[in-house]
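Student: Below is run_10.tsv; it holds TSV, C-alpha atoms and all ligand atoms.
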chain	number	residue	atom	x	y	z
A	1	MET	CA	-68.25	7.66	35.55
A	2	SER	CA	-69.64	9.76	32.74
A	3	GLU	CA	-68.59	9.37	29.09
A	4	GLN	CA	-66.80	12.72	29.42
A	5	ASP	CA	-64.73	11.47	32.35
A	6	ASN	CA	-63.93	8.27	30.48
A	7	LEU	CA	-62.71	10.36	27.62
A	8	GLU	CA	-60.53	12.47	29.91
A	9	GLU	CA	-58.94	9.33	31.37
A	10	LEU	CA	-58.30	7.91	27.91
A	11	GLY	CA	-56.69	11.17	26.87
A	12	LYS	CA	-54.47	11.34	29.95
A	13	SER	CA	-53.20	7.77	29.64
A	14	ALA	CA	-52.50	8.31	25.92
A	15	LEU	CA	-50.55	11.52	26.63
A	16	ALA	CA	-48.66	9.81	29.45
A	17	ARG	CA	-47.61	6.99	27.12
A	18	VAL	CA	-46.53	9.47	24.47
A	19	ALA	CA	-44.39	11.25	27.04
A	20	GLN	CA	-42.70	7.98	28.01
A	21	ALA	CA	-42.17	6.67	24.47
A	22	ALA	CA	-38.49	6.27	23.75
A	23	THR	CA	-38.45	5.48	20.02
A	24	SER	CA	-40.25	6.56	16.87
A	25	ALA	CA	-41.53	3.00	16.50
A	26	GLN	CA	-43.24	3.14	19.89
A	27	LEU	CA	-44.90	6.43	18.90
A	28	ASP	CA	-46.19	4.81	15.71
A	29	GLU	CA	-47.73	2.03	17.84
A	30	ILE	CA	-49.44	4.57	20.12
A	31	ASP	CA	-50.71	6.44	17.07
A	32	THR	CA	-52.34	3.26	15.71
A	33	GLU	CA	-53.70	2.26	19.10
A	34	TYR	CA	-55.57	5.55	19.70
A	35	LEU	CA	-56.01	7.27	16.38
A	36	GLY	CA	-56.02	4.37	13.89
A	37	ARG	CA	-59.09	3.04	12.08
A	38	LYS	CA	-59.83	0.69	14.98
A	39	GLY	CA	-58.18	2.94	17.58
A	40	GLU	CA	-59.64	3.86	20.98
A	41	LEU	CA	-60.66	7.39	20.01
A	42	THR	CA	-62.11	6.28	16.71
A	43	LEU	CA	-64.26	3.82	18.69
A	44	GLN	CA	-65.33	6.69	21.01
A	45	LEU	CA	-66.54	8.70	18.04
A	46	ARG	CA	-68.73	5.79	16.95
A	47	LYS	CA	-70.49	5.99	20.29
A	48	ILE	CA	-71.97	9.36	19.35
A	49	GLY	CA	-75.03	7.79	17.72
A	50	SER	CA	-76.04	6.10	20.98
A	51	LEU	CA	-75.88	9.31	23.04
A	52	PRO	CA	-78.82	11.62	23.81
A	53	ALA	CA	-79.09	14.27	21.08
A	54	ASP	CA	-78.17	17.19	23.37
A	55	GLN	CA	-74.87	15.62	24.38
A	56	ARG	CA	-73.66	14.62	20.96
A	57	LYS	CA	-72.13	17.95	19.93
A	58	ASP	CA	-70.12	18.43	23.14
A	59	PHE	CA	-68.93	14.81	23.15
A	60	GLY	CA	-67.83	14.98	19.50
A	61	GLN	CA	-66.05	18.24	20.24
A	62	ALA	CA	-64.28	16.68	23.25
A	63	VAL	CA	-63.11	13.62	21.28
A	64	ASN	CA	-61.72	15.84	18.54
A	65	ASP	CA	-59.94	18.04	21.12
A	66	ILE	CA	-58.24	14.99	22.57
A	67	LYS	CA	-57.35	13.67	19.12
A	68	VAL	CA	-55.68	16.99	18.31
A	69	ARG	CA	-53.77	17.02	21.60
A	70	ILE	CA	-52.56	13.45	21.16
A	71	THR	CA	-51.60	14.08	17.53
A	72	ASP	CA	-49.67	17.23	18.51
A	73	ALA	CA	-47.99	15.44	21.42
A	74	ILE	CA	-46.90	12.56	19.16
A	75	GLU	CA	-45.49	14.99	16.58
A	76	ALA	CA	-43.61	16.94	19.23
A	77	ARG	CA	-42.29	13.80	20.87
A	78	LYS	CA	-41.19	12.45	17.50
A	79	LYS	CA	-39.12	15.52	16.86
A	80	THR	CA	-37.43	15.23	20.24
A	81	ILE	CA	-36.75	11.52	19.82
A	82	SER	CA	-35.43	11.74	16.25
A	83	GLY	CA	-33.08	14.52	17.35
A	84	GLY	CA	-31.82	12.23	20.11
A	85	GLU	CA	-31.61	9.28	17.71
A	86	ILE	CA	-29.46	11.31	15.33
A	87	ASP	CA	-27.24	12.36	18.21
A	88	ALA	CA	-26.98	8.75	19.38
A	89	LYS	CA	-26.17	7.59	15.83
A	90	LEU	CA	-23.51	10.27	15.48
A	91	ALA	CA	-22.06	9.35	18.85
A	92	ALA	CA	-21.97	5.66	17.95
A	93	GLU	CA	-20.27	6.31	14.63
A	94	ALA	CA	-17.85	8.92	15.92
A	95	VAL	CA	-14.17	8.56	15.06
A	96	ASP	CA	-11.70	9.40	17.79
A	97	ILE	CA	-9.13	11.42	15.90
A	98	THR	CA	-6.92	11.64	18.97
A	99	MET	CA	-6.23	7.86	18.90
A	100	PRO	CA	-2.67	6.99	17.82
A	101	GLY	CA	-2.49	5.52	14.30
A	102	ARG	CA	-1.40	1.97	13.50
A	103	PHE	CA	2.39	1.61	13.52
A	104	TYR	CA	4.03	0.15	10.44
A	105	ARG	CA	7.65	-0.95	10.76
A	106	ILE	CA	9.76	0.77	8.11
A	107	GLY	CA	12.26	-1.41	6.28
A	108	ARG	CA	15.91	-0.55	5.72
A	109	PRO	CA	18.75	-1.74	3.50
A	110	HIS	CA	20.58	-4.90	4.59
A	111	VAL	CA	23.78	-4.10	6.51
A	112	LEU	CA	25.95	-5.38	3.62
A	113	VAL	CA	24.03	-3.19	1.17
A	114	GLN	CA	24.63	-0.24	3.49
A	115	THR	CA	28.36	-1.02	3.54
A	116	LEU	CA	28.52	-1.42	-0.26
A	117	ALA	CA	26.69	1.89	-0.72
A	118	LYS	CA	29.23	3.68	1.45
A	119	ILE	CA	32.16	2.12	-0.45
A	120	LYS	CA	30.54	2.93	-3.78
A	121	ASP	CA	30.11	6.55	-2.74
A	122	ILE	CA	33.79	6.88	-1.78
A	123	PHE	CA	35.08	5.43	-5.07
A	124	ILE	CA	32.71	7.53	-7.16
A	125	ARG	CA	34.13	10.61	-5.46
A	126	LEU	CA	37.65	9.34	-6.20
A	127	GLY	CA	36.71	9.30	-9.89
A	128	TYR	CA	35.90	5.62	-10.44
A	129	GLU	CA	33.14	4.35	-12.66
A	130	ILE	CA	31.10	1.63	-10.92
A	131	VAL	CA	30.28	-1.21	-13.33
A	132	GLU	CA	28.11	-4.32	-13.17
A	133	SER	CA	29.85	-7.65	-13.66
A	134	PRO	CA	28.53	-11.20	-14.13
A	135	GLU	CA	28.45	-13.67	-11.26
A	136	VAL	CA	28.59	-16.56	-13.71
A	137	GLU	CA	32.02	-16.18	-15.28
A	138	SER	CA	34.11	-18.05	-17.79
A	139	TYR	CA	37.17	-19.99	-16.74
A	140	HIS	CA	39.11	-17.69	-19.07
A	141	TYR	CA	38.20	-14.43	-17.31
A	142	ASN	CA	38.25	-15.87	-13.81
A	143	PHE	CA	41.71	-17.50	-14.06
A	144	GLU	CA	43.45	-17.64	-17.43
A	145	ALA	CA	43.30	-13.95	-18.38
A	146	LEU	CA	44.55	-13.05	-14.90
A	147	ASN	CA	47.86	-14.81	-15.50
A	148	TYR	CA	47.03	-17.99	-13.60
A	149	PRO	CA	49.14	-20.76	-15.18
A	150	LEU	CA	46.98	-23.75	-16.10
A	151	ASP	CA	48.61	-25.86	-13.42
A	152	HIS	CA	48.51	-23.12	-10.79
A	153	PRO	CA	47.57	-24.68	-7.46
A	154	ALA	CA	45.13	-21.84	-6.72
A	155	ILE	CA	42.76	-23.16	-9.37
A	156	ASP	CA	42.34	-26.42	-7.51
A	157	GLU	CA	42.89	-24.84	-4.16
A	158	GLN	CA	39.97	-22.47	-4.54
A	159	MET	CA	37.72	-25.40	-5.38
A	160	SER	CA	35.19	-23.40	-7.31
A	161	PHE	CA	31.52	-24.02	-8.12
A	162	TYR	CA	31.80	-25.06	-11.77
A	163	ILE	CA	28.65	-24.94	-13.90
A	164	ASN	CA	30.33	-26.83	-16.76
A	165	ASP	CA	33.90	-27.15	-18.10
A	166	GLU	CA	33.84	-23.55	-19.31
A	167	ARG	CA	31.81	-21.67	-16.73
A	168	LEU	CA	31.82	-21.24	-12.98
A	169	LEU	CA	30.49	-18.95	-10.26
A	170	ARG	CA	33.21	-16.30	-10.05
A	171	THR	CA	35.66	-16.83	-7.21
A	172	HIS	CA	36.63	-13.15	-7.05
A	173	THR	CA	35.39	-9.84	-8.46
A	174	THR	CA	38.81	-9.47	-10.12
A	175	ALA	CA	37.34	-11.64	-12.88
A	176	TYR	CA	35.75	-8.54	-14.46
A	177	GLN	CA	39.11	-6.78	-15.02
A	178	HIS	CA	39.96	-8.31	-18.37
A	179	ARG	CA	36.43	-7.78	-19.70
A	180	GLN	CA	36.80	-4.07	-18.95
A	181	MET	CA	40.35	-3.74	-20.30
A	182	GLU	CA	39.34	-5.38	-23.59
A	183	LYS	CA	36.61	-2.89	-24.37
A	184	ARG	CA	38.19	0.31	-23.06
A	185	LYS	CA	41.23	2.42	-23.78
A	186	PRO	CA	43.39	3.98	-21.05
A	187	PRO	CA	42.90	5.99	-18.94
A	188	ILE	CA	40.66	3.43	-17.25
A	189	MET	CA	39.35	3.74	-13.69
A	190	VAL	CA	36.66	1.21	-12.88
A	191	CYS	CA	35.29	-0.52	-9.85
A	192	THR	CA	32.88	-3.40	-9.36
A	193	MET	CA	31.35	-5.06	-6.35
A	194	GLY	CA	29.15	-8.04	-5.58
A	195	LYS	CA	28.87	-11.68	-4.62
A	196	CYS	CA	31.65	-14.25	-5.03
A	197	TYR	CA	31.54	-17.98	-4.42
A	198	ARG	CA	33.98	-20.58	-3.24
A	199	VAL	CA	33.61	-24.11	-1.99
A	200	ASP	CA	34.62	-23.58	1.60
A	201	ALA	CA	33.94	-25.26	4.91
A	202	VAL	CA	31.29	-22.96	6.37
A	203	ASP	CA	32.06	-21.62	9.84
A	204	ALA	CA	31.85	-18.34	11.74
A	205	THR	CA	34.44	-16.62	9.50
A	206	HIS	CA	34.05	-18.53	6.20
A	207	ASN	CA	31.08	-18.82	3.91
A	208	HIS	CA	30.50	-20.23	0.41
A	209	THR	CA	29.06	-16.84	-0.60
A	210	PHE	CA	30.81	-13.59	0.26
A	211	HIS	CA	31.13	-10.05	-1.09
A	212	GLN	CA	34.06	-8.31	-2.71
A	213	VAL	CA	35.00	-4.97	-4.18
A	214	ASP	CA	37.58	-4.73	-6.97
A	215	CYS	CA	39.08	-1.55	-8.43
A	216	PHE	CA	41.74	-0.92	-11.01
A	217	CYS	CA	43.32	2.01	-12.76
A	218	VAL	CA	45.39	2.01	-15.97
A	219	ASP	CA	47.12	5.02	-17.48
A	220	ARG	CA	50.55	6.34	-18.40
A	221	GLY	CA	52.85	6.77	-15.41
A	222	ILE	CA	50.72	5.03	-12.77
A	223	THR	CA	52.93	3.88	-9.87
A	224	MET	CA	52.76	2.14	-6.53
A	225	ALA	CA	52.48	5.61	-4.94
A	226	ASP	CA	49.12	6.10	-6.69
A	227	LEU	CA	47.95	2.78	-5.28
A	228	LYS	CA	49.02	3.74	-1.77
A	229	GLY	CA	47.42	7.18	-2.03
A	230	THR	CA	44.14	5.71	-3.26
A	231	LEU	CA	43.94	3.06	-0.54
A	232	TYR	CA	44.95	5.56	2.13
A	233	GLN	CA	42.21	7.96	1.03
A	234	PHE	CA	39.69	5.12	1.01
A	235	ALA	CA	40.75	3.92	4.49
A	236	VAL	CA	40.46	7.41	5.98
A	237	GLU	CA	37.00	7.98	4.52
A	238	MET	CA	35.79	4.50	5.43
A	239	PHE	CA	37.26	4.06	8.89
A	240	GLY	CA	38.08	7.57	10.15
A	241	ALA	CA	40.75	10.27	9.98
A	242	ASP	CA	43.18	8.49	12.34
A	243	THR	CA	43.40	5.39	10.15
A	244	ASN	CA	46.73	4.39	8.71
A	245	ILE	CA	47.65	1.73	6.17
A	246	ARG	CA	50.44	-0.85	6.04
A	247	PHE	CA	51.82	-2.58	2.92
A	248	ARG	CA	53.59	-5.94	3.05
A	249	PRO	CA	54.81	-8.03	0.11
A	250	ASP	CA	52.37	-10.70	-1.06
A	251	PHE	CA	51.80	-12.77	-4.18
A	252	PHE	CA	48.85	-12.81	-6.58
A	253	PRO	CA	49.28	-14.05	-10.17
A	254	PHE	CA	47.70	-10.92	-11.68
A	255	VAL	CA	49.96	-8.32	-10.02
A	256	GLU	CA	53.68	-7.66	-9.80
A	257	PRO	CA	54.72	-6.55	-7.27
A	258	GLY	CA	51.87	-7.63	-5.02
A	259	ALA	CA	51.02	-6.47	-1.54
A	260	GLU	CA	48.86	-7.35	1.40
A	261	VAL	CA	47.29	-4.17	2.76
A	262	ALA	CA	46.24	-3.71	6.39
A	263	VAL	CA	44.52	-0.79	8.12
A	264	THR	CA	44.71	0.43	11.70
A	265	CYS	CA	42.33	-1.65	13.84
A	266	SER	CA	39.31	0.61	14.37
A	267	ILE	CA	38.31	-1.23	17.56
A	268	CYS	CA	41.48	-0.50	19.54
A	269	ALA	CA	42.85	2.38	17.41
A	270	GLY	CA	46.01	0.33	16.83
A	271	LYS	CA	46.75	-0.48	20.48
A	272	GLY	CA	46.02	-4.20	20.09
A	273	CYS	CA	42.84	-6.11	20.98
A	274	ASN	CA	41.12	-9.47	20.53
A	275	VAL	CA	39.79	-8.59	17.09
A	276	CYS	CA	43.22	-7.69	15.67
A	277	LYS	CA	44.87	-10.41	17.79
A	278	GLY	CA	47.01	-7.84	19.51
A	279	SER	CA	48.70	-6.57	16.34
A	280	GLY	CA	46.80	-3.26	16.00
A	281	TRP	CA	46.23	-4.00	12.28
A	282	LEU	CA	43.35	-5.55	10.33
A	283	GLU	CA	43.89	-7.07	6.90
A	284	LEU	CA	42.01	-5.04	4.31
A	285	ALA	CA	42.99	-5.86	0.76
A	286	GLY	CA	45.15	-7.65	-1.74
A	287	ALA	CA	46.76	-5.15	-4.09
A	288	GLY	CA	49.59	-4.52	-6.51
A	289	MET	CA	50.71	-3.23	-9.91
A	290	ILE	CA	48.83	-5.00	-12.72
A	291	HIS	CA	51.03	-7.75	-14.21
A	292	PRO	CA	52.37	-6.89	-17.70
A	293	ASN	CA	50.96	-10.21	-18.97
A	294	VAL	CA	47.45	-9.16	-17.96
A	295	LEU	CA	47.76	-5.81	-19.74
A	296	ARG	CA	49.30	-7.40	-22.82
A	297	GLY	CA	46.54	-10.04	-22.96
A	298	ALA	CA	43.96	-7.25	-23.15
A	299	GLY	CA	45.84	-5.46	-25.94
A	300	ILE	CA	47.32	-2.76	-23.70
A	301	ASP	CA	51.04	-2.13	-24.20
A	302	PRO	CA	52.79	-2.57	-20.81
A	303	GLU	CA	55.74	-0.51	-22.08
A	304	GLU	CA	53.43	2.47	-22.45
A	305	TYR	CA	50.86	1.95	-19.73
A	306	THR	CA	50.93	0.77	-16.15
A	307	GLY	CA	48.17	0.24	-13.67
A	308	PHE	CA	47.33	-0.79	-10.16
A	309	ALA	CA	44.58	-3.03	-8.86
A	310	PHE	CA	43.21	-3.98	-5.49
A	311	GLY	CA	40.36	-6.00	-4.15
A	312	PHE	CA	38.88	-6.69	-0.76
A	313	GLY	CA	36.14	-8.56	1.00
A	314	ILE	CA	33.48	-6.46	2.66
A	315	ASP	CA	31.76	-8.95	4.99
A	316	ARG	CA	34.35	-8.39	7.71
A	317	MET	CA	33.82	-4.62	7.80
A	318	PRO	CA	30.38	-4.64	9.47
A	319	MET	CA	31.54	-7.57	11.62
A	320	VAL	CA	34.32	-5.44	13.07
A	321	GLN	CA	32.17	-2.31	13.20
A	322	HIS	CA	29.26	-3.95	15.05
A	323	GLY	CA	31.17	-6.62	16.95
A	324	ILE	CA	29.47	-9.50	15.08
A	325	ASP	CA	31.31	-12.78	15.55
A	326	ASP	CA	29.53	-14.95	12.97
A	327	MET	CA	29.56	-14.18	9.24
A	328	ARG	CA	26.68	-16.61	8.58
A	329	LEU	CA	24.24	-14.23	10.30
A	330	PHE	CA	24.37	-11.90	7.27
A	331	MET	CA	22.86	-14.53	4.97
A	332	ASP	CA	20.44	-16.17	7.43
A	333	ASN	CA	17.71	-13.56	6.96
A	334	ASP	CA	16.82	-13.52	10.64
A	335	LEU	CA	15.01	-10.20	11.05
A	336	ARG	CA	15.67	-10.13	14.81
A	337	PHE	CA	19.37	-9.85	13.94
A	338	LEU	CA	19.11	-7.63	10.85
A	339	ARG	CA	16.81	-5.04	12.49
A	340	GLN	CA	19.56	-4.16	14.95
A	341	LEU	CA	21.90	-2.90	12.25
B	1	ZN	ZN	42.47	-4.07	17.62
Kindly return the structure encoded in the file as structure tokens.
Tutor:
Amino acid sequence: MSEQDNLEELGKSALARVAQAATSAQLDEIDTEYLGRKGELTLQLRKIGSLPADQRKDFGQAVNDIKVRITDAIEARKKTISGGEIDAKLAAEAVDITMPGRFYRIGRPHVLVQTLAKIKDIFIRLGYEIVESPEVESYHYNFEALNYPLDHPAIDEQMSFYINDERLLRTHTTAYQHRQMEKRKPPIMVCTMGKCYRVDAVDATHNHTFHQVDCFCVDRGITMADLKGTLYQFAVEMFGADTNIRFRPDFFPFVEPGAEVAVTCSICAGKGCNVCKGSGWLELAGAGMIHPNVLRGAGIDPEEYTGFAFGFGIDRMPMVQHGIDDMRLFMDNDLRFLRQL
């Protein structure tokens, strides 16, 4: 085999390897192997001195031709490969914008907060001012100012959470009434709502912590008819247009006369069911005309002004509405339960 043929073979195998190279790094290796300082073609050029003088020019020309072809082939291949590498990189880093996003569960108000918000909205529209009131209350405001005689059995009966001799966790939201009467002048229309506490044997329908709403109105010429109208309007907005209300005499120290107020059972529409124990009525509120002693104690003249007051628990409302049979579920913070409401 002549030197020329050797050269041709070398060139072919180099070009074949360039054509098969798959990465830029492989092309760099081929470049070094053939064209580098100790590369195959560089070694060929060094042979020139040992050739007969008449062959040297052609041989040198041939080596250079092959060098140029290999160099061009490597450059061309590099361009192709780097284009492919960019495509591959882009493909690997691609974001699939059609994939569904991550789902985050959206929170919602607690069912009792929802109920309180609805009640608040109704009383605001009836003209009441919603006020904050302390959960830690004095014995005076919780009992004494509301006309409870010191030896009244209710004081022991309610078995309150006393903090010291003077202070206790309020047993009813009615405790705020005297605070409001003392610092306002009639006409007064205020409403408060929140937590109340009593020492009670905890079961499905009793808890040590429960929620109440209390409203009262004082002005000249307020009568029992205003009380009935207000509670009727509330009942219709809260429970539906077909709701009716029933008043029966009852006793509370801070009202005279006092009444127990019931509304049409919303489960059976008054026909009688398990929830209303067949009566067609559900107890809603304690109510009445504010006792003259309470008004007088707050510096309001009962000869000039009269007022009505009513209060009710709210925990039973969502129980009836959603058919929940255990009051404790509201305070247990079990999300599996609360997410259903
Ligand atoms: Zn019923």
Student: Give me the chain A side of the contact with ligand ZN 1 (chain B), cut-off 6 Å, one line per residue showing its nearest atom pair and distance in Å at one decimal, counting only C-alpha atoms and all ligand atoms, sorted by chain and residue number, as CSV.
Tutor:
residue,atom,partner,partner_atom,distance
A:Cys265,CA,B:ZN1,ZN,4.5
A:Ile267,CA,B:ZN1,ZN,5.0
A:Cys268,CA,B:ZN1,ZN,4.2
A:Gly270,CA,B:ZN1,ZN,5.7
A:Gly272,CA,B:ZN1,ZN,4.3
A:Cys273,CA,B:ZN1,ZN,3.9
A:Val275,CA,B:ZN1,ZN,5.3
A:Cys276,CA,B:ZN1,ZN,4.2
A:Gly280,CA,B:ZN1,ZN,4.7
Student: So that I can check the surroundings of A:Leu35, please list as a list in words every protein, DNA and RNA residue that reaches within 10 Å of it, counting all atoms listed in the file and ignoring chain neighbours fewer than 4 positions away.
Tutor: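 Returned residues: Glu29, Ile30, Asp31, Gly39, Glu40, Leu41, Thr42, Leu43, Lys67, Val68, Ile70 and Thr71 of chain A.
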Student: Show me, as JSON, numbers by chain, the residues that have an atom within 6 Å of A:Ile188 when counting only C-alpha atoms, minus same-chain residues fewer than 2 positions from it.
Tutor: {"A": [186, 217, 218]}
Student: Measuring between only C-alpha atoms, which one of A:Val202, A:Ala259, A:Ala21, A:Leu168 shows the shortest distance to A:Phe143?
Tutor: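 Comparing A:Val202, A:Ala259, A:Ala21, A:Leu168 against A:Phe143, the winner is A:Leu168.
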Student: Dump as JSON lines the rows for residues of stretch 173-233 of chain A within 7 Å of stretch 296-308 of chain A: closest atom pair and distance in Å with one decimal, all atoms listed in the file counted, ordered by chain and rising residue number.
Tutor:
{"residue": "A:His178", "atom": "CA", "partner": "A:Ala298", "partner_atom": "CA", "distance": 6.3}
{"residue": "A:Met181", "atom": "CA", "partner": "A:Ala298", "partner_atom": "CA", "distance": 5.8}
{"residue": "A:Glu182", "atom": "CA", "partner": "A:Ala298", "partner_atom": "CA", "distance": 5.0}
{"residue": "A:Phe216", "atom": "CA", "partner": "A:Phe308", "partner_atom": "CA", "distance": 5.7}
{"residue": "A:Cys217", "atom": "CA", "partner": "A:Gly307", "partner_atom": "CA", "distance": 5.2}
{"residue": "A:Val218", "atom": "CA", "partner": "A:Gly307", "partner_atom": "CA", "distance": 4.0}
{"residue": "A:Asp219", "atom": "CA", "partner": "A:Tyr305", "partner_atom": "CA", "distance": 5.3}
{"residue": "A:Arg220", "atom": "CA", "partner": "A:Tyr305", "partner_atom": "CA", "distance": 4.6}
{"residue": "A:Gly221", "atom": "CA", "partner": "A:Thr306", "partner_atom": "CA", "distance": 6.3}
{"residue": "A:Ile222", "atom": "CA", "partner": "A:Thr306", "partner_atom": "CA", "distance": 5.4}
{"residue": "A:Leu227", "atom": "CA", "partner": "A:Phe308", "partner_atom": "CA", "distance": 6.1}
Student: Keeping C-alpha atoms, export the residues of the selection given above as a CSV table (one decimal), in the coordinates of the input.
Tutor:
chain,number,residue,atom,x,y,z
A,178,HIS,CA,40.0,-8.3,-18.4
A,181,MET,CA,40.4,-3.7,-20.3
A,182,GLU,CA,39.3,-5.4,-23.6
A,216,PHE,CA,41.7,-0.9,-11.0
A,217,CYS,CA,43.3,2.0,-12.8
A,218,VAL,CA,45.4,2.0,-16.0
A,219,ASP,CA,47.1,5.0,-17.5
A,220,ARG,CA,50.6,6.3,-18.4
A,221,GLY,CA,52.8,6.8,-15.4
A,222,ILE,CA,50.7,5.0,-12.8
A,227,LEU,CA,48.0,2.8,-5.3
Student: Which of these, A:Leu112, A:Ile124, A:Ile106, A:Ile81, has the shortest distance to A:His322 once you count all atoms listed in the file?
Tutor: A:Leu112
Student: Which residue out of A:Lys271, A:His110, A:Ala241, A:Glu129 has the minimum interatomic distance to A:Asp332 when only C-alpha atoms are used?
Tutor: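 Between A:Lys271, A:His110, A:Ala241, A:Glu129, the residue approaching A:Asp332 most closely is A:His110.
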Student: What is the atom CA of A:Ser279 to atom CA of A:Gly240 distance in Å?
Tutor: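 Taking atom CA of A:Ser279 as the start and atom CA of A:Gly240 as the end point, the length is 18.7 Å.
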Student: Restricting the calculation to all atoms listed in the file, which member of A:Thr209, A:Arg179, A:Ser138, A:Gln20 is positioned closest to A:Ile163?
Tutor: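 Using all atoms listed in the file, A:Ile163 sits closest to A:Ser138.
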Student: Please, what distance in Å, to one decimal, runs between atom CA of A:Asp151 and atom CA of A:Pro253?
Tutor: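 Distance reported for this atom pair: 12.3 Å.
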Student: Which value, in Å to one decimal, gives the distance between atom CA of A:Pro257 and atom CA of A:Pro292?
Tutor: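 Rounded to one decimal, the two atoms are 10.7 Å apart.
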Student: Considering all atoms listed in the file, can you say which of A:Val236, A:Met319, A:Leu90, A:Met224 comes closest to A:Glu256?
Tutor: A:Met224
Student: Using all atoms listed in the file, list the residues that have an atom at most 12 Å from (32.5, -12.4, -7.6), coordinates as in the file, as a PyMOL selection string.
Tutor: chain A and resi 132-138+141-142+160-161+168-177+192-198+208-214+311-314
Student: Compile the contact shell of A:Glu85 as a VMD selection string: residues with an atom at most 10 Å away, counting all atoms listed in the file, same-chain residues fewer than 5 positions apart removed.
Tutor: chain A and resid 22 to 24 79 to 80 90 to 91
Student: At most 12 Å from (36.8, 10.1, -11.8), file frame, all atoms listed in the file: which residues, as a list in words?
Tutor: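 Residues with an atom close enough to that point: Asp121, Ile122, Phe123, Ile124, Arg125, Leu126, Gly127, Tyr128, Glu129, Ile130, Pro187, Ile188, Met189, Val190, Cys191 and Cys217 of chain A.
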Student: Quick one: of A:Leu27, A:Met289, A:Leu295, A:Ile119, who's nearest to A:Ala225, counting only C-alpha atoms?
Tutor: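 Answer, going by the shortest atom-to-atom distance: A:Met289.
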